[in-house]
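This is input_28.pdb (PDB, C-alpha atoms and all ligand atoms).
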```pdb
MODEL        1
ATOM      1  CA  MET H  28     -19.499 -48.520 106.153
ATOM      2  CA  SER H  29     -22.484 -46.166 106.378
ATOM      3  CA  ASP H  30     -25.904 -47.388 107.445
ATOM      4  CA  HIS H  31     -27.800 -47.149 104.155
ATOM      5  CA  LYS H  32     -30.945 -49.239 103.987
ATOM      6  CA  ILE H  33     -30.675 -50.132 100.296
ATOM      7  CA  PRO H  34     -27.759 -52.517  99.677
ATOM      8  CA  LEU H  35     -25.602 -51.562  96.698
ATOM      9  CA  ALA H  36     -22.923 -53.401  94.716
ATOM     10  CA  GLY H  37     -21.497 -53.181  91.227
ATOM     11  CA  VAL H  38     -18.762 -54.059  88.797
ATOM     12  CA  ILE H  39     -15.788 -51.807  88.066
ATOM     13  CA  GLY H  40     -13.912 -51.916  84.769
ATOM     14  CA  ALA H  41     -12.910 -49.891  81.718
ATOM     15  CA  PRO H  42     -14.738 -50.487  79.437
ATOM     16  CA  ILE H  43     -17.686 -51.929  81.348
ATOM     17  CA  ALA H  44     -20.725 -51.507  79.071
ATOM     18  CA  HIS H  45     -20.649 -55.130  77.860
ATOM     19  CA  SER H  46     -20.273 -56.756  81.271
ATOM     20  CA  LYS H  47     -22.866 -59.452  81.934
ATOM     21  CA  SER H  48     -22.539 -59.110  85.718
ATOM     22  CA  PRO H  49     -25.312 -56.475  86.093
ATOM     23  CA  ARG H  50     -27.754 -58.878  84.418
ATOM     24  CA  LEU H  51     -26.591 -61.750  86.594
ATOM     25  CA  HIS H  52     -26.872 -59.921  89.908
ATOM     26  CA  GLY H  53     -30.030 -58.096  88.789
ATOM     27  CA  HIS H  54     -31.636 -61.472  88.122
ATOM     28  CA  TRP H  55     -30.674 -62.745  91.570
ATOM     29  CA  LEU H  56     -31.874 -59.547  93.297
ATOM     30  CA  ARG H  57     -35.290 -59.955  91.633
ATOM     31  CA  THR H  58     -35.413 -63.728  92.260
ATOM     32  CA  TYR H  59     -34.790 -63.329  95.995
ATOM     33  CA  GLY H  60     -36.850 -60.138  96.359
ATOM     34  CA  ILE H  61     -33.906 -58.116  97.660
ATOM     35  CA  PRO H  62     -34.444 -54.345  97.341
ATOM     36  CA  GLY H  63     -30.829 -53.707  96.291
ATOM     37  CA  HIS H  64     -29.043 -52.526  93.161
ATOM     38  CA  TYR H  65     -26.019 -53.746  91.194
ATOM     39  CA  VAL H  66     -24.559 -51.254  88.742
ATOM     40  CA  PRO H  67     -21.819 -51.081  86.078
ATOM     41  CA  LEU H  68     -19.164 -48.512  87.022
ATOM     42  CA  HIS H  69     -16.732 -47.229  84.397
ATOM     43  CA  VAL H  70     -13.588 -46.211  86.293
ATOM     44  CA  GLU H  71     -10.206 -45.266  84.812
ATOM     45  CA  PRO H  72      -7.048 -46.718  86.422
ATOM     46  CA  ASP H  73      -5.953 -43.386  87.935
ATOM     47  CA  ASP H  74      -9.257 -43.080  89.784
ATOM     48  CA  LEU H  75      -9.535 -46.634  91.082
ATOM     49  CA  GLU H  76      -8.237 -46.100  94.611
ATOM     50  CA  THR H  77     -10.271 -42.917  95.195
ATOM     51  CA  VAL H  78     -13.410 -44.666  93.965
ATOM     52  CA  LEU H  79     -12.805 -47.767  96.103
ATOM     53  CA  ARG H  80     -12.300 -45.631  99.225
ATOM     54  CA  THR H  81     -15.461 -43.621  98.475
ATOM     55  CA  LEU H  82     -17.966 -46.334  97.510
ATOM     56  CA  PRO H  83     -18.412 -47.685 101.088
ATOM     57  CA  LYS H  84     -19.432 -44.180 102.194
ATOM     58  CA  MET H  85     -22.216 -44.288  99.595
ATOM     59  CA  GLY H  86     -23.760 -47.530 100.800
ATOM     60  CA  PHE H  87     -21.839 -49.968  98.598
ATOM     61  CA  ARG H  88     -21.154 -53.303 100.258
ATOM     62  CA  GLY H  89     -18.687 -54.445  97.665
ATOM     63  CA  VAL H  90     -17.830 -54.672  93.980
ATOM     64  CA  ASN H  91     -16.641 -57.045  91.328
ATOM     65  CA  ILE H  92     -13.464 -56.008  89.564
ATOM     66  CA  THR H  93     -12.702 -56.681  85.948
ATOM     67  CA  ILE H  94     -10.237 -55.686  83.209
ATOM     68  CA  PRO H  95      -7.941 -53.742  83.613
ATOM     69  CA  HIS H  96      -8.121 -53.438  87.412
ATOM     70  CA  LYS H  97      -7.731 -56.981  88.753
ATOM     71  CA  VAL H  98      -4.093 -56.659  89.817
ATOM     72  CA  ALA H  99      -4.346 -53.024  91.002
ATOM     73  CA  ALA H 100      -7.360 -53.875  93.185
ATOM     74  CA  LEU H 101      -5.294 -56.491  94.973
ATOM     75  CA  GLU H 102      -2.605 -53.900  95.708
ATOM     76  CA  ILE H 103      -5.127 -51.411  97.092
ATOM     77  CA  ALA H 104      -6.934 -53.948  99.327
ATOM     78  CA  ASP H 105      -6.284 -54.047 103.095
ATOM     79  CA  GLN H 106      -6.977 -57.776 103.501
ATOM     80  CA  ILE H 107      -6.437 -60.468 100.880
ATOM     81  CA  SER H 108      -7.722 -64.050 100.730
ATOM     82  CA  ASP H 109      -5.239 -66.881 100.189
ATOM     83  CA  ARG H 110      -6.645 -67.737  96.783
ATOM     84  CA  ALA H 111      -6.436 -64.113  95.597
ATOM     85  CA  THR H 112      -2.806 -64.053  96.738
ATOM     86  CA  LEU H 113      -2.070 -67.263  94.837
ATOM     87  CA  ILE H 114      -3.812 -66.069  91.688
ATOM     88  CA  GLY H 115      -2.225 -62.612  91.985
ATOM     89  CA  ALA H 116      -5.413 -60.733  91.137
ATOM     90  CA  ALA H 117      -8.766 -59.809  92.701
ATOM     91  CA  ASN H 118     -12.252 -59.999  91.197
ATOM     92  CA  THR H 119     -14.436 -59.628  94.309
ATOM     93  CA  LEU H 120     -14.062 -56.871  96.916
ATOM     94  CA  THR H 121     -16.069 -56.607 100.108
ATOM     95  CA  PHE H 122     -16.175 -53.413 102.167
ATOM     96  CA  ARG H 123     -15.920 -54.231 105.860
ATOM     97  CA  ALA H 124     -17.848 -52.339 108.535
ATOM     98  CA  ASP H 125     -14.569 -50.758 109.700
ATOM     99  CA  GLY H 126     -13.918 -49.411 106.190
ATOM    100  CA  LYS H 127     -11.279 -52.010 105.292
ATOM    101  CA  ILE H 128     -11.330 -53.503 101.799
ATOM    102  CA  HIS H 129     -11.235 -57.301 101.613
ATOM    103  CA  ALA H 130     -10.080 -58.778  98.288
ATOM    104  CA  ASP H 131     -10.916 -62.252  97.017
ATOM    105  CA  ASN H 132     -10.673 -64.034  93.694
ATOM    106  CA  THR H 133     -13.602 -66.296  92.838
ATOM    107  CA  ASP H 134     -12.628 -67.055  89.219
ATOM    108  CA  GLY H 135     -11.076 -70.411  90.100
ATOM    109  CA  TYR H 136     -14.026 -71.259  92.329
ATOM    110  CA  GLY H 137     -16.386 -70.387  89.455
ATOM    111  CA  PHE H 138     -14.372 -72.545  87.087
ATOM    112  CA  LEU H 139     -14.504 -75.545  89.410
ATOM    113  CA  GLU H 140     -18.186 -75.231  90.338
ATOM    114  CA  ASN H 141     -19.048 -74.962  86.640
ATOM    115  CA  LEU H 142     -17.012 -78.066  85.886
ATOM    116  CA  LYS H 143     -18.643 -80.014  88.739
ATOM    117  CA  GLN H 144     -22.127 -78.950  87.670
ATOM    118  CA  GLY H 145     -21.578 -79.581  83.950
ATOM    119  CA  ALA H 146     -19.567 -82.808  84.331
ATOM    120  CA  PRO H 147     -20.716 -84.363  87.626
ATOM    121  CA  GLY H 148     -18.475 -87.408  87.206
ATOM    122  CA  TRP H 149     -15.338 -85.331  86.700
ATOM    123  CA  LYS H 150     -12.336 -86.513  88.710
ATOM    124  CA  PRO H 151      -9.292 -84.270  89.135
ATOM    125  CA  ASN H 152      -6.951 -87.244  88.951
ATOM    126  CA  ALA H 153      -8.495 -89.340  86.197
ATOM    127  CA  GLY H 154      -5.427 -88.320  84.169
ATOM    128  CA  PRO H 155      -3.462 -85.213  83.242
ATOM    129  CA  ALA H 156      -5.326 -81.892  83.005
ATOM    130  CA  LEU H 157      -4.269 -79.836  80.005
ATOM    131  CA  VAL H 158      -4.449 -76.043  80.378
ATOM    132  CA  LEU H 159      -4.120 -73.993  77.188
ATOM    133  CA  GLY H 160      -2.957 -70.440  77.830
ATOM    134  CA  ALA H 161      -0.957 -68.742  80.592
ATOM    135  CA  GLY H 162      -2.770 -65.447  81.269
ATOM    136  CA  GLY H 163      -4.781 -64.345  84.292
ATOM    137  CA  ALA H 164      -7.544 -66.861  83.653
ATOM    138  CA  ALA H 165      -5.015 -69.704  83.434
ATOM    139  CA  ARG H 166      -3.624 -68.783  86.861
ATOM    140  CA  ALA H 167      -7.115 -69.020  88.385
ATOM    141  CA  VAL H 168      -7.804 -72.331  86.630
ATOM    142  CA  ILE H 169      -4.482 -73.868  87.724
ATOM    143  CA  VAL H 170      -5.006 -72.808  91.350
ATOM    144  CA  ALA H 171      -8.501 -74.330  91.255
ATOM    145  CA  LEU H 172      -7.310 -77.585  89.670
ATOM    146  CA  MET H 173      -4.560 -77.933  92.281
ATOM    147  CA  GLU H 174      -7.021 -77.184  95.110
ATOM    148  CA  ALA H 175      -9.310 -79.874  93.707
ATOM    149  CA  GLY H 176      -6.402 -82.335  93.924
ATOM    150  CA  ALA H 177      -5.069 -82.450  90.368
ATOM    151  CA  ALA H 178      -1.488 -83.684  90.576
ATOM    152  CA  ASP H 179      -0.519 -83.539  86.900
ATOM    153  CA  ILE H 180      -1.241 -80.330  85.013
ATOM    154  CA  ILE H 181       0.130 -79.909  81.504
ATOM    155  CA  LEU H 182       0.487 -76.240  80.610
ATOM    156  CA  THR H 183       1.031 -74.888  77.127
ATOM    157  CA  ASN H 184       1.107 -71.337  75.816
ATOM    158  CA  ARG H 185       2.044 -69.633  72.553
ATOM    159  CA  THR H 186       4.566 -67.514  74.473
ATOM    160  CA  ARG H 187       6.420 -70.232  76.356
ATOM    161  CA  PRO H 188       8.191 -68.028  78.965
ATOM    162  CA  LYS H 189       4.789 -67.105  80.422
ATOM    163  CA  ALA H 190       4.029 -70.802  80.937
ATOM    164  CA  ASP H 191       7.473 -71.295  82.487
ATOM    165  CA  GLU H 192       6.729 -68.450  84.907
ATOM    166  CA  LEU H 193       3.566 -70.199  86.075
ATOM    167  CA  ARG H 194       5.502 -73.448  86.460
ATOM    168  CA  ALA H 195       7.981 -71.577  88.653
ATOM    169  CA  ALA H 196       5.126 -70.086  90.700
ATOM    170  CA  PHE H 197       3.059 -73.256  91.121
ATOM    171  CA  GLY H 198       5.682 -75.978  91.283
ATOM    172  CA  LYS H 199       6.160 -79.484  90.037
ATOM    173  CA  LYS H 200       2.513 -80.422  89.637
ATOM    174  CA  VAL H 201       2.682 -78.234  86.528
ATOM    175  CA  ARG H 202       4.703 -79.337  83.493
ATOM    176  CA  VAL H 203       5.147 -77.139  80.449
ATOM    177  CA  VAL H 204       5.017 -78.346  76.860
ATOM    178  CA  ASP H 205       5.621 -76.313  73.708
ATOM    179  CA  TRP H 206       2.595 -74.776  72.001
ATOM    180  CA  VAL H 207       3.409 -76.705  68.807
ATOM    181  CA  LYS H 208       3.059 -79.938  70.811
ATOM    182  CA  ALA H 209      -0.343 -79.034  72.267
ATOM    183  CA  GLY H 210      -1.993 -81.591  69.963
ATOM    184  CA  ASN H 211       0.025 -84.434  71.560
ATOM    185  CA  ALA H 212      -0.931 -83.210  75.020
ATOM    186  CA  VAL H 213      -4.619 -83.301  74.018
ATOM    187  CA  GLU H 214      -4.221 -87.021  73.386
ATOM    188  CA  GLU H 215      -2.816 -87.604  76.856
ATOM    189  CA  ALA H 216      -5.279 -85.417  78.761
ATOM    190  CA  ALA H 217      -8.337 -86.505  80.760
ATOM    191  CA  THR H 218      -9.351 -82.861  81.168
ATOM    192  CA  VAL H 219      -8.821 -80.083  78.616
ATOM    193  CA  VAL H 220      -9.313 -76.406  79.490
ATOM    194  CA  ASN H 221      -9.013 -73.550  77.013
ATOM    195  CA  THR H 222      -8.150 -70.328  78.864
ATOM    196  CA  THR H 223      -6.977 -68.442  75.762
ATOM    197  CA  SER H 224      -9.129 -66.005  73.852
ATOM    198  CA  LEU H 225      -8.924 -68.209  70.740
ATOM    199  CA  GLY H 226     -12.375 -68.977  69.344
ATOM    200  CA  MET H 227     -14.009 -65.920  70.902
ATOM    201  CA  VAL H 228     -16.063 -63.606  68.687
ATOM    202  CA  GLY H 229     -13.569 -61.207  67.094
ATOM    203  CA  ALA H 230     -10.496 -63.299  68.051
ATOM    204  CA  PRO H 231      -8.554 -65.751  65.841
ATOM    205  CA  GLU H 232      -9.872 -69.269  65.419
ATOM    206  CA  PHE H 233      -8.908 -72.098  67.762
ATOM    207  CA  ARG H 234      -6.406 -74.112  65.709
ATOM    208  CA  VAL H 235      -4.831 -76.588  68.120
ATOM    209  CA  PRO H 236      -5.063 -80.087  66.560
ATOM    210  CA  LEU H 237      -7.893 -81.979  68.226
ATOM    211  CA  ASP H 238      -7.691 -85.409  66.573
ATOM    212  CA  GLY H 239      -6.345 -86.779  69.860
ATOM    213  CA  LEU H 240      -9.571 -86.093  71.796
ATOM    214  CA  ARG H 241     -10.982 -89.311  73.252
ATOM    215  CA  PRO H 242     -14.504 -90.269  74.350
ATOM    216  CA  GLY H 243     -14.976 -89.440  78.025
ATOM    217  CA  THR H 244     -12.400 -86.629  78.151
ATOM    218  CA  VAL H 245     -13.855 -83.590  79.941
ATOM    219  CA  VAL H 246     -13.422 -80.493  77.784
ATOM    220  CA  THR H 247     -14.252 -76.956  78.880
ATOM    221  CA  ASP H 248     -13.741 -73.536  77.369
ATOM    222  CA  ILE H 249     -13.700 -70.259  79.259
ATOM    223  CA  VAL H 250     -14.846 -68.531  76.058
ATOM    224  CA  TYR H 251     -18.654 -68.142  76.187
ATOM    225  CA  ALA H 252     -19.253 -65.947  73.134
ATOM    226  CA  PRO H 253     -20.104 -68.026  71.158
ATOM    227  CA  LEU H 254     -21.501 -70.471  73.704
ATOM    228  CA  ARG H 255     -20.662 -73.501  71.547
ATOM    229  CA  THR H 256     -17.071 -72.847  70.476
ATOM    230  CA  LYS H 257     -15.244 -74.833  67.776
ATOM    231  CA  LEU H 258     -13.352 -76.599  70.564
ATOM    232  CA  LEU H 259     -16.573 -77.721  72.246
ATOM    233  CA  GLU H 260     -18.117 -78.767  68.923
ATOM    234  CA  ALA H 261     -15.072 -80.883  68.056
ATOM    235  CA  ALA H 262     -15.106 -82.357  71.554
ATOM    236  CA  ASP H 263     -18.799 -83.228  71.298
ATOM    237  CA  ALA H 264     -18.156 -84.922  67.959
ATOM    238  CA  ALA H 265     -15.352 -86.958  69.561
ATOM    239  CA  GLY H 266     -17.623 -88.185  72.359
ATOM    240  CA  CYS H 267     -16.124 -85.975  75.066
ATOM    241  CA  ILE H 268     -18.058 -84.478  77.974
ATOM    242  CA  THR H 269     -18.252 -80.740  77.281
ATOM    243  CA  VAL H 270     -18.898 -77.818  79.604
ATOM    244  CA  ASP H 271     -19.364 -74.319  78.205
ATOM    245  CA  GLY H 272     -17.823 -71.195  79.717
ATOM    246  CA  LEU H 273     -20.933 -69.280  80.692
ATOM    247  CA  GLY H 274     -21.281 -71.243  83.925
ATOM    248  CA  MET H 275     -17.866 -70.047  85.143
ATOM    249  CA  LEU H 276     -19.077 -66.465  84.900
ATOM    250  CA  LEU H 277     -22.301 -67.327  86.742
ATOM    251  CA  HIS H 278     -20.648 -69.313  89.533
ATOM    252  CA  GLN H 279     -17.868 -66.772  90.159
ATOM    253  CA  GLY H 280     -20.605 -64.293  91.100
ATOM    254  CA  VAL H 281     -22.051 -66.461  93.882
ATOM    255  CA  PRO H 282     -19.654 -65.676  96.775
ATOM    256  CA  GLY H 283     -19.848 -61.903  96.199
ATOM    257  CA  PHE H 284     -23.635 -61.854  95.995
ATOM    258  CA  GLU H 285     -23.867 -63.865  99.211
ATOM    259  CA  ARG H 286     -21.499 -61.540 101.077
ATOM    260  CA  TRP H 287     -23.139 -58.316  99.888
ATOM    261  CA  PHE H 288     -26.805 -59.290  99.890
ATOM    262  CA  GLY H 289     -26.967 -62.100 102.470
ATOM    263  CA  VAL H 290     -28.434 -64.862 100.276
ATOM    264  CA  ARG H 291     -26.489 -67.630  98.574
ATOM    265  CA  PRO H 292     -27.912 -67.615  95.041
ATOM    266  CA  GLU H 293     -28.568 -70.662  92.861
ATOM    267  CA  VAL H 294     -27.048 -71.089  89.415
ATOM    268  CA  ASP H 295     -29.708 -72.825  87.318
ATOM    269  CA  VAL H 296     -31.363 -72.706  83.891
ATOM    270  CA  ASN H 297     -33.166 -69.489  84.819
ATOM    271  CA  THR H 298     -29.868 -67.817  85.712
ATOM    272  CA  ARG H 299     -28.432 -68.805  82.350
ATOM    273  CA  ALA H 300     -31.501 -67.596  80.490
ATOM    274  CA  ALA H 301     -31.501 -64.252  82.322
ATOM    275  CA  VAL H 302     -27.851 -63.613  81.496
ATOM    276  CA  LEU H 303     -28.195 -64.698  77.877
ATOM    277  CA  GLY H 304     -31.165 -62.349  77.587
TER     278      GLY H 304
HETATM  279  P1  LIG L   1      -6.761 -63.552  80.505
HETATM  280  O1  LIG L   1      -6.491 -62.735  81.710
HETATM  281  O2  LIG L   1      -8.196 -63.577  80.076
HETATM  282  O3  LIG L   1      -6.194 -64.934  80.611
HETATM  283  P2  LIG L   1      -4.528 -62.623  78.958
HETATM  284  O4  LIG L   1      -3.740 -62.471  80.183
HETATM  285  O5  LIG L   1      -4.447 -61.541  77.925
HETATM  286  O6  LIG L   1      -6.061 -62.779  79.279
HETATM  287  O7  LIG L   1      -4.170 -64.024  78.279
HETATM  288  C1  LIG L   1      -4.657 -64.391  77.029
HETATM  289  C2  LIG L   1      -4.157 -65.785  76.673
HETATM  290  O8  LIG L   1      -4.598 -66.093  75.346
HETATM  291  C3  LIG L   1      -2.651 -65.918  76.668
HETATM  292  O9  LIG L   1      -2.298 -67.216  77.070
HETATM  293  C4  LIG L   1      -2.316 -65.688  75.197
HETATM  294  O10 LIG L   1      -1.105 -66.242  74.772
HETATM  295  P3  LIG L   1       0.258 -65.363  74.802
HETATM  296  O11 LIG L   1       0.740 -65.410  76.221
HETATM  297  O12 LIG L   1       1.161 -66.032  73.854
HETATM  298  O13 LIG L   1      -0.130 -63.970  74.378
HETATM  299  C5  LIG L   1      -3.466 -66.419  74.541
HETATM  300  N1  LIG L   1      -3.642 -65.979  73.154
HETATM  301  C6  LIG L   1      -4.185 -64.825  72.728
HETATM  302  N2  LIG L   1      -4.181 -64.776  71.377
HETATM  303  C7  LIG L   1      -3.596 -65.925  70.948
HETATM  304  C8  LIG L   1      -3.267 -66.478  69.653
HETATM  305  N3  LIG L   1      -3.566 -65.819  68.526
HETATM  306  N4  LIG L   1      -2.676 -67.698  69.601
HETATM  307  C9  LIG L   1      -2.378 -68.367  70.721
HETATM  308  N5  LIG L   1      -2.649 -67.898  71.977
HETATM  309  C10 LIG L   1      -3.248 -66.702  72.077
ENDMDL
END
```

Can you turn what I pasted into structure tokens?
Amino acid sequence: MSDHKIPLAGVIGAPIAHSKSPRLHGHWLRTYGIPGHYVPLHVEPDDLETVLRTLPKMGFRGVNITIPHKVAALEIADQISDRATLIGAANTLTFRADGKIHADNTDGYGFLENLKQGAPGWKPNAGPALVLGAGGAARAVIVALMEAGAADIILTNRTRPKADELRAAFGKKVRVVDWVKAGNAVEEAATVVNTTSLGMVGAPEFRVPLDGLRPGTVVTDIVYAPLRTKLLEAADAAGCITVDGLGMLLHQGVPGFERWFGVRPEVDVNTRAAVLG
């Protein structure tokens, strides 16, 4: 890495214009008086490796990686954390002094920290944890739940073979139920996590039957636009403890910011306000 005085970092994706990460890191840079910059970088898949090998020479200390580069970034990296290996994707790269690229995945960490902050009494083994969806976000959530000690994870996905694949990857702590039976699983669950895009602005509505929700169940949604999704509203009405998805985005940024800029940032009401604009 070159010896630039001004620390630089950014987020790489395509498209990238709507990423909230520049606001998040910009807020932290201002809060801690760090004279650095964090920029959105639109990079096409064919250019990813060239860009990643060039950025350290320009003073970049690392980058966040988002859609569609999370798997490719892992393949390009020289060193990979255990959790990135388990999740099979990278969202946080750090450029080492010797030029090597270190890949990590902080999505699961962000999920768990958000859950702990929003539902302080949450216990991983109070009962089964239901995970809706089997995409990249579900992988991160399952890894995090297992790390936290959850021993019974019910997984359900519209396309069942994708859930079966995760079961094969993560073992017997995960059991798969059919998507049409998701409503029954809701009844059984002590924790409910939506990792699908259902309920997001522009996506279809969340239609899983929720009559089984019980008071005290911890319900969280990774969708944060809107902030109060139909799932969270129904859960509130049923007396559940609800945690919105914005906090996952905020917390996943913490480890990268600390590595690149040398300060471990707080996630608080000001962070939320800054990102919501
Ligand atoms: P991410 O990396 O954010 O998890 P993804 O890999 O595209 O994104 O996964 C999206 C998830 O939302 C998947 O579980 C997907 O289900 P399928 O595997 O059946 O595609 C789920 N999803 C998207 N649209 C859905 C819909 N209309 N009904 C049910 N599930 C849906």

Please identify all polymer residues within 7 Å of H:Ala41, counting all atoms listed in the file, omitting same-chain residues fewer than 3 positions from it, and present them as a list in words.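 These residues fall inside the cut-off: His69, Val70, Glu71, Ile94 and Pro95 of chain H.
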
For ligand LIG 1 (chain L), list the contacting residues at 10 Å or closer, counting all atoms listed in the file, as a ChimeraX atom specification. /H:93-95,97,116,158-168,183-190,206,221-227,230-235,249-250

For those residues, write C-alpha atoms to a file as a compact mmCIF listing (two decimals), keeping the file's coordinate frame.
```
# COMPACT_ATOMS: atom_id res chain seq x y z
CA THR H 93 -12.70 -56.68 85.95
CA ILE H 94 -10.24 -55.69 83.21
CA PRO H 95 -7.94 -53.74 83.61
CA LYS H 97 -7.73 -56.98 88.75
CA ALA H 116 -5.41 -60.73 91.14
CA VAL H 158 -4.45 -76.04 80.38
CA LEU H 159 -4.12 -73.99 77.19
CA GLY H 160 -2.96 -70.44 77.83
CA ALA H 161 -0.96 -68.74 80.59
CA GLY H 162 -2.77 -65.45 81.27
CA GLY H 163 -4.78 -64.34 84.29
CA ALA H 164 -7.54 -66.86 83.65
CA ALA H 165 -5.01 -69.70 83.43
CA ARG H 166 -3.62 -68.78 86.86
CA ALA H 167 -7.12 -69.02 88.38
CA VAL H 168 -7.80 -72.33 86.63
CA THR H 183 1.03 -74.89 77.13
CA ASN H 184 1.11 -71.34 75.82
CA ARG H 185 2.04 -69.63 72.55
CA THR H 186 4.57 -67.51 74.47
CA ARG H 187 6.42 -70.23 76.36
CA PRO H 188 8.19 -68.03 78.96
CA LYS H 189 4.79 -67.10 80.42
CA ALA H 190 4.03 -70.80 80.94
CA TRP H 206 2.60 -74.78 72.00
CA ASN H 221 -9.01 -73.55 77.01
CA THR H 222 -8.15 -70.33 78.86
CA THR H 223 -6.98 -68.44 75.76
CA SER H 224 -9.13 -66.00 73.85
CA LEU H 225 -8.92 -68.21 70.74
CA GLY H 226 -12.38 -68.98 69.34
CA MET H 227 -14.01 -65.92 70.90
CA ALA H 230 -10.50 -63.30 68.05
CA PRO H 231 -8.55 -65.75 65.84
CA GLU H 232 -9.87 -69.27 65.42
CA PHE H 233 -8.91 -72.10 67.76
CA ARG H 234 -6.41 -74.11 65.71
CA VAL H 235 -4.83 -76.59 68.12
CA ILE H 249 -13.70 -70.26 79.26
CA VAL H 250 -14.85 -68.53 76.06
```

Written as number ranges by chain, which residues does the PyMOL selection byres (((chain H and resi 216) around 8) and not hetatm) give for the file shown? H: 154-157, 212-215, 217-219, 244

Give me, please, the distance in Å between atom CA of H:Arg286 and atom CA of H:Asp131, quoted to one decimal.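 For atom CA of H:Arg286 relative to atom CA of H:Asp131, the distance reads 11.4 Å.
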
For the PyMOL selection byres (((chain H and resi 198) around 12) and not hetatm), applied here, can you spell out every residue it catches as a list in words? Ile169, Val170, Met173, Ala178, Asp179, Ile180, Ile181, Leu182, Ala190, Asp191, Glu192, Leu193, Arg194, Ala195, Ala196, Phe197, Lys199, Lys200, Val201, Arg202 and Val203 of chain H

Using atom CA of H:Ala153 and atom CA of H:Leu276 as the two end points, give the distance in Å to one decimal. 25.2 Å

Find, counting all atoms listed in the file, the residue in H:Gly239, H:Pro253, H:Gly229, H:Pro151 that gets nearest to H:Leu303. H:Pro253

Exercise: H:Val98 partners within 9 Å, only C-alpha atoms, chain neighbours under 3 positions left out, as a list of chain:residue names: H:Pro95, H:Leu101, H:Glu102, H:Gly115, H:Ala116, H:Ala117, H:Asn118
